[in-house]
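Colleague: Here you go, one structure.
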Amino acid sequence: MKMKRSVRRLVFGLVLGVLMLSVSVLSLSTASSAQIGIGISVRIAPPALPVYAQPICPGPGYLWTPGYWAWSDDGGYYWVPGTWVVAPVGMLWTPGYWGFAGGLYGWHPGYWGPHVGFYGGINYGFGYGGIGFAGGEWRGGAFFYNRAVLNVNVTNVTNVYSRTVIVNNTHVAFNGPGGIEARPTRQEEAYGRERHTAALAAQSEHERAASQNRQLFASENHGRPAIAATARPGEFSARNGGSSSFNDRATARPGNRDAGNREQQAPKKAEKQAKVEQKRNAREERR
């Protein structure tokens with residue numbers, strides 16, 4: 001009798017161990033998918049991308065991160081204004097994008113990396129025409145700006161060149177059936193496997209601040225946010241940013257002459273701030 005009880009206990013222990021191992025493996029698999037896959041899934045398509053003017057580049061080392069529609073469970077879609085961000089040296093920004101599949105619109109978060117990967121074929125403008133980035137390139141430790149698509153003042157920034165870019169006038173905000181039906185190229189897939197860095201703290205705070213501004217919600221602005229772009233993260237005011245418009249002329253690079261004049265008066269200050277931000281970003285990468 002005692003032997004039978006011992007056998008039962010042994011069998012029960014083995015079964016329990018297998019179940020616990022299965023749960024652990026399942027949990028690990030789910031977590032891994034969440035880290036590399038879709039961040040948010042909703043059943044409503046994002047509004048069309050607004051057309052807007054780009055604020056002037058604050059100074060050397062700043063890279064443009066285009067605006068996008070984010071989602072809040074409390075208020076639906078809200079606009080995160082495009083903005084200039086001090087980039088980690090040698091890194092480029094791959095914008096996030098909405099992809100439609102299986103009846104849901106899923107958000108694929110953006111990231112920093114040595115190359116620009118797949119971002120759904122979405123035309124975000126200002127060098128992000130759907131494939132790659134034509135707004136500039138790193139040459140050593142300095143970023144050179146393509147003035148054909150970016151609003152850069154040579155008084156502030158001397159590392160410039162001009163290369164014509166074909167403009168795509170499609171403003172659909174998602175990839176998939178009914179939207180932009182683009183697929184990643186082999187090169188983009190390879191870029192997607194490179195070592196990446198998540199959005200910087202300044203970008204995350206910029207998005208969080210946007211989520212608390214009711215004027216940026218599509219339910220309030222009907223897809224036409226009053227503040228569509230800012231010179232720096234979190235500067236949500238009409239004089240600091242570019243307003244949205246559905247007039248194609250609004251895409252002209254010199255969209256904020258007053259902002260340009262202010263920046264011309266303090267190029268050294270902008271450059272100093274950029275260097276401070278780059279050091280801060282480098283510390284974040286090492287953590």
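In the structure tokens, chains take letters A, B, ... by order of appearance, with residues numbered from 1 within each chain and ligands from 1 in the order shown.
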Taking 6 positions as the minimum chain separation for residues in the same chain, which residues sit within 7 Å of Thr83 of chain A when counting only C-alpha atoms? Answer as number ranges by chain.
Modeller: A: 64-66, 229-233
Colleague: Which residues are near Gly106 of chain A? Cut-off 7 Å, only C-alpha atoms, ignore same chain within fewer than 5 positions. Put them as an MDAnalysis selection string.
Modeller: chainID A and resid 38:42 98:100
Colleague: Using only C-alpha atoms, which residue out of A:Gly136, A:Gly110, A:Gly96, A:Gly75 lies closest to Ala199 of chain A?
Modeller: A:Gly110
Colleague: Can you pull out the residues contacting Glu205 of chain A? Cut-off 8 Å, using only C-alpha atoms, and skip same-chain residues under 3 positions away; I want them as a list in words.
Modeller: Ala201, Ala202, Arg208, Ala209, Pro233 and Gly234 of chain A
Colleague: Find, counting only C-alpha atoms, the residue in A:Pro58, A:Gly103, A:Gly76, A:Gly113 that gets nearest to Arg195 of chain A.
Modeller: A:Gly113
Colleague: Where in segment 3-189 of chain A does DSSP assign strand (DSSP E or B), given as a ChimeraX atom specification?
Modeller: /A:40-42,51-52,62-65,68-72,76-80,82-86,92-94,97-101,104-108,111-113,125,128,136-139,142-146,160-161,174-175,180
Colleague: Rank A:Phe217, A:Ile227, A:Tyr52, A:Trp112 by their smallest atom-to-atom distance to Trp69 of chain A, using only C-alpha atoms, and report the top residue only.
Modeller: A:Phe217
